[in-house]
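Reading through the structure tokens given below for one structure.
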Amino acid sequence: MIKGGLPGLLKSNVKFNLYAGYVNVDEKNGRSLFYYFAESSSRNASSKLLILWLNGSPGCSSLGFGAVLELGPFGVNPDGKTLYSRTFAYKVANVMFLESPAGVGFSYSNTSSDYAFSGGKRTAEDTYRFLVNWFKKFPHYKGRDFYIMGESYEGFLRKDL
């Protein structure tokens with residue numbers, strides 16, 4: 001828990017749950033993918049659909065670009081230190097931003113040679129493993145309508161899912 005709330009936001013202004021963490025996708029090499037998940041700010045968030053958001057081009061951060069600069073619930077103020085709420089965000093869906101492949105953003109591998117083998121097929125396989133393991137942590141989302149969305153090159157990488 002963040003004491004005092006998020007920088008620049010009153011705790012009372014955030015009326016939805018936020019989660020962030022890692023999901024292991026390869027035990028042998030220690031490859032784990034980072035996610036940032038914002039539940040819908042709607043009163044009936046439990047009935048809203050689930051979106052997995054993926055940013056485009058290999059090496060593009062879904063957290064840094066998708067969540068912070070484009071469609072996440074918060075943006076960064078010009079001071080670079082505080083956040084502001086996006087009033088249009090998160091009323092119709094629960095959205096998860098995935099940092100992928102390992103080596104992008106906060107996602108990592110404990111085996112440095114592992115990064116040389118990244119590519120579309122492995123990224124798709126890791127995304128599948130991520131989802132299987134993420135649903136174990138959040139089983140109440142299993143029965144939801146589920147959409148994979150993104151931009152740019154990302155559609156080419158995930159076509160193997």
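We name chains A, B, ... following the order of the structure tokens; residues begin at 1 in each chain, and ligands are numbered from 1 as shown.
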Could you name the residues that touch segment 125-142 of chain A at 10 Å or less, counting only C-alpha atoms, but leaving out those on the same chain fewer than 6 positions away, as a VMD selection string?
chain A and resid 21 to 26 31 to 35 46 to 50 52 94 98 to 102 158 160 to 161
Keeping N, CA and C atoms for every residue in the selection just given, could you write it to a file as a PDB file, in the first residue's frame?
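out-v1.pdb, freshly written:
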ATOM      1  N   GLY A  21       2.487  -6.249 -10.588  1.00  0.00           N
ATOM      2  CA  GLY A  21       3.287  -7.363 -10.100  1.00  0.00           C
ATOM      3  C   GLY A  21       3.905  -8.138 -11.238  1.00  0.00           C
ATOM      4  N   TYR A  22       4.450  -9.273 -10.870  1.00  0.00           N
ATOM      5  CA  TYR A  22       5.131 -10.142 -11.813  1.00  0.00           C
ATOM      6  C   TYR A  22       4.432 -11.488 -11.908  1.00  0.00           C
ATOM      7  N   VAL A  23       4.473 -12.064 -13.087  1.00  0.00           N
ATOM      8  CA  VAL A  23       4.004 -13.426 -13.316  1.00  0.00           C
ATOM      9  C   VAL A  23       5.139 -14.168 -14.000  1.00  0.00           C
ATOM     10  N   ASN A  24       5.555 -15.287 -13.401  1.00  0.00           N
ATOM     11  CA  ASN A  24       6.635 -16.080 -13.971  1.00  0.00           C
ATOM     12  C   ASN A  24       6.112 -16.852 -15.168  1.00  0.00           C
ATOM     13  N   VAL A  25       6.858 -16.806 -16.266  1.00  0.00           N
ATOM     14  CA  VAL A  25       6.471 -17.527 -17.480  1.00  0.00           C
ATOM     15  C   VAL A  25       7.488 -18.598 -17.862  1.00  0.00           C
ATOM     16  N   ASP A  26       8.626 -18.667 -17.140  1.00  0.00           N
ATOM     17  CA  ASP A  26       9.661 -19.658 -17.422  1.00  0.00           C
ATOM     18  C   ASP A  26      10.460 -19.886 -16.144  1.00  0.00           C
ATOM     19  N   ARG A  31      12.233 -16.194 -16.134  1.00  0.00           N
ATOM     20  CA  ARG A  31      11.652 -15.130 -16.953  1.00  0.00           C
ATOM     21  C   ARG A  31      10.285 -14.759 -16.376  1.00  0.00           C
ATOM     22  N   SER A  32      10.130 -13.470 -16.060  1.00  0.00           N
ATOM     23  CA  SER A  32       8.894 -12.977 -15.471  1.00  0.00           C
ATOM     24  C   SER A  32       8.447 -11.710 -16.179  1.00  0.00           C
ATOM     25  N   LEU A  33       7.143 -11.602 -16.376  1.00  0.00           N
ATOM     26  CA  LEU A  33       6.567 -10.445 -17.042  1.00  0.00           C
ATOM     27  C   LEU A  33       5.835  -9.579 -16.027  1.00  0.00           C
ATOM     28  N   PHE A  34       6.000  -8.266 -16.176  1.00  0.00           N
ATOM     29  CA  PHE A  34       5.390  -7.291 -15.280  1.00  0.00           C
ATOM     30  C   PHE A  34       4.058  -6.828 -15.859  1.00  0.00           C
ATOM     31  N   TYR A  35       3.073  -6.669 -14.974  1.00  0.00           N
ATOM     32  CA  TYR A  35       1.773  -6.144 -15.391  1.00  0.00           C
ATOM     33  C   TYR A  35       1.320  -5.024 -14.463  1.00  0.00           C
ATOM     34  N   SER A  46     -17.279  -5.470 -11.201  1.00  0.00           N
ATOM     35  CA  SER A  46     -17.228  -6.927 -11.226  1.00  0.00           C
ATOM     36  C   SER A  46     -17.922  -7.522 -12.443  1.00  0.00           C
ATOM     37  N   SER A  47     -18.753  -6.749 -13.116  1.00  0.00           N
ATOM     38  CA  SER A  47     -19.434  -7.264 -14.308  1.00  0.00           C
ATOM     39  C   SER A  47     -18.805  -6.757 -15.611  1.00  0.00           C
ATOM     40  N   LYS A  48     -17.783  -5.940 -15.513  1.00  0.00           N
ATOM     41  CA  LYS A  48     -17.171  -5.339 -16.703  1.00  0.00           C
ATOM     42  C   LYS A  48     -16.180  -6.296 -17.363  1.00  0.00           C
ATOM     43  N   LEU A  49     -15.971  -6.108 -18.649  1.00  0.00           N
ATOM     44  CA  LEU A  49     -15.066  -6.965 -19.399  1.00  0.00           C
ATOM     45  C   LEU A  49     -13.614  -6.710 -19.008  1.00  0.00           C
ATOM     46  N   LEU A  50     -12.751  -7.612 -19.448  1.00  0.00           N
ATOM     47  CA  LEU A  50     -11.317  -7.535 -19.171  1.00  0.00           C
ATOM     48  C   LEU A  50     -10.572  -7.327 -20.479  1.00  0.00           C
ATOM     49  N   LEU A  52      -6.685  -6.952 -22.172  1.00  0.00           N
ATOM     50  CA  LEU A  52      -5.228  -7.024 -22.090  1.00  0.00           C
ATOM     51  C   LEU A  52      -4.708  -6.051 -23.136  1.00  0.00           C
ATOM     52  N   ASN A  94     -12.076  -3.314 -17.299  1.00  0.00           N
ATOM     53  CA  ASN A  94     -10.919  -3.557 -16.451  1.00  0.00           C
ATOM     54  C   ASN A  94      -9.753  -3.757 -17.421  1.00  0.00           C
ATOM     55  N   LEU A  98       0.553  -5.081 -20.162  1.00  0.00           N
ATOM     56  CA  LEU A  98       1.594  -6.097 -20.028  1.00  0.00           C
ATOM     57  C   LEU A  98       2.904  -5.600 -20.634  1.00  0.00           C
ATOM     58  N   GLU A  99       3.973  -5.681 -19.861  1.00  0.00           N
ATOM     59  CA  GLU A  99       5.327  -5.359 -20.333  1.00  0.00           C
ATOM     60  C   GLU A  99       5.915  -6.629 -20.939  1.00  0.00           C
ATOM     61  N   SER A 100       6.068  -6.636 -22.261  1.00  0.00           N
ATOM     62  CA  SER A 100       6.482  -7.846 -22.931  1.00  0.00           C
ATOM     63  C   SER A 100       7.187  -7.495 -24.238  1.00  0.00           C
ATOM     64  N   PRO A 101       8.193  -8.291 -24.612  1.00  0.00           N
ATOM     65  CA  PRO A 101       8.756  -9.487 -23.997  1.00  0.00           C
ATOM     66  C   PRO A 101       9.671  -9.152 -22.817  1.00  0.00           C
ATOM     67  N   ALA A 102      10.219 -10.204 -22.196  1.00  0.00           N
ATOM     68  CA  ALA A 102      11.169  -9.988 -21.106  1.00  0.00           C
ATOM     69  C   ALA A 102      12.286  -9.086 -21.608  1.00  0.00           C
ATOM     70  N   ARG A 158       1.271 -11.174 -31.680  1.00  0.00           N
ATOM     71  CA  ARG A 158       0.362 -11.996 -30.905  1.00  0.00           C
ATOM     72  C   ARG A 158      -0.560 -12.871 -31.753  1.00  0.00           C
ATOM     73  N   ASP A 160      -0.049 -15.572 -33.012  1.00  0.00           N
ATOM     74  CA  ASP A 160       0.156 -16.991 -32.707  1.00  0.00           C
ATOM     75  C   ASP A 160      -0.540 -17.427 -31.415  1.00  0.00           C
ATOM     76  N   LEU A 161      -1.177 -16.517 -30.713  1.00  0.00           N
ATOM     77  CA  LEU A 161      -1.808 -16.872 -29.431  1.00  0.00           C
ATOM     78  C   LEU A 161      -2.916 -17.870 -29.609  1.00  0.00           C
TER      79      LEU A 161
END
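Going from atom CA of Thr82 of chain A over to atom CA of Leu9 of chain A, you cover 7.7 Å.
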Atom CA of Gly105 of chain A to atom CA of Gly59 of chain A, straight-line distance in Å
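Atom CA of Gly105 of chain A lies at a distance of 8.1 Å from atom CA of Gly59 of chain A.
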Hey, what does DSSP flag as alpha helix (DSSP H) within segment 33-136 of chain A? Can you give it to me as an mmCIF file with N, CA and C atoms, in the first residue's frame?
data_model
loop_
_atom_site.group_PDB
_atom_site.id
_atom_site.type_symbol
_atom_site.label_atom_id
_atom_site.label_comp_id
_atom_site.auth_asym_id
_atom_site.auth_seq_id
_atom_site.Cartn_x
_atom_site.Cartn_y
_atom_site.Cartn_z
ATOM 1 N N GLY A 120 8.772 -13.164 -32.046
ATOM 2 C CA GLY A 120 7.319 -13.223 -32.065
ATOM 3 C C GLY A 120 6.743 -14.489 -31.480
ATOM 4 N N LYS A 121 7.304 -15.645 -31.856
ATOM 5 C CA LYS A 121 6.770 -16.921 -31.374
ATOM 6 C C LYS A 121 6.923 -17.046 -29.862
ATOM 7 N N ARG A 122 8.118 -16.742 -29.348
ATOM 8 C CA ARG A 122 8.312 -16.869 -27.905
ATOM 9 C C ARG A 122 7.505 -15.819 -27.152
ATOM 10 N N THR A 123 7.375 -14.614 -27.695
ATOM 11 C CA THR A 123 6.568 -13.584 -27.054
ATOM 12 C C THR A 123 5.120 -14.048 -26.945
ATOM 13 N N ALA A 124 4.607 -14.672 -28.001
ATOM 14 C CA ALA A 124 3.238 -15.195 -27.966
ATOM 15 C C ALA A 124 3.110 -16.311 -26.935
ATOM 16 N N GLU A 125 4.088 -17.218 -26.895
ATOM 17 C CA GLU A 125 4.050 -18.313 -25.920
ATOM 18 C C GLU A 125 4.122 -17.779 -24.492
ATOM 19 N N ASP A 126 5.005 -16.801 -24.264
ATOM 20 C CA ASP A 126 5.116 -16.204 -22.923
ATOM 21 C C ASP A 126 3.827 -15.484 -22.537
ATOM 22 N N THR A 127 3.189 -14.826 -23.490
ATOM 23 C CA THR A 127 1.931 -14.140 -23.200
ATOM 24 C C THR A 127 0.864 -15.155 -22.811
ATOM 25 N N TYR A 128 0.817 -16.269 -23.498
ATOM 26 C CA TYR A 128 -0.135 -17.327 -23.143
ATOM 27 C C TYR A 128 0.132 -17.835 -21.720
ATOM 28 N N ARG A 129 1.408 -18.134 -21.414
ATOM 29 C CA ARG A 129 1.757 -18.604 -20.058
ATOM 30 C C ARG A 129 1.432 -17.540 -19.010
ATOM 31 N N PHE A 130 1.693 -16.281 -19.368
ATOM 32 C CA PHE A 130 1.355 -15.187 -18.471
ATOM 33 C C PHE A 130 -0.133 -15.223 -18.134
ATOM 34 N N LEU A 131 -0.973 -15.312 -19.155
ATOM 35 C CA LEU A 131 -2.424 -15.291 -18.927
ATOM 36 C C LEU A 131 -2.880 -16.475 -18.082
ATOM 37 N N VAL A 132 -2.383 -17.674 -18.382
ATOM 38 C CA VAL A 132 -2.751 -18.856 -17.595
ATOM 39 C C VAL A 132 -2.405 -18.630 -16.124
ATOM 40 N N ASN A 133 -1.203 -18.143 -15.852
ATOM 41 C CA ASN A 133 -0.767 -17.935 -14.468
ATOM 42 C C ASN A 133 -1.440 -16.725 -13.823
ATOM 43 N N TRP A 134 -1.725 -15.675 -14.603
ATOM 44 C CA TRP A 134 -2.409 -14.501 -14.052
ATOM 45 C C TRP A 134 -3.815 -14.866 -13.610
ATOM 46 N N PHE A 135 -4.516 -15.683 -14.397
ATOM 47 C CA PHE A 135 -5.868 -16.095 -14.025
ATOM 48 C C PHE A 135 -5.875 -16.964 -12.775
ATOM 49 N N LYS A 136 -4.756 -17.597 -12.436
ATOM 50 C CA LYS A 136 -4.656 -18.324 -11.169
ATOM 51 C C LYS A 136 -4.649 -17.345 -9.996
#
List the neighbours of Phe16 of chain A out to 12 Å using only C-alpha atoms; skip same-chain residues closer than 6 positions along the sequence, and give me the result as an MDAnalysis selection string.
chainID A and resid 37:46 73 85 89:91 93:95
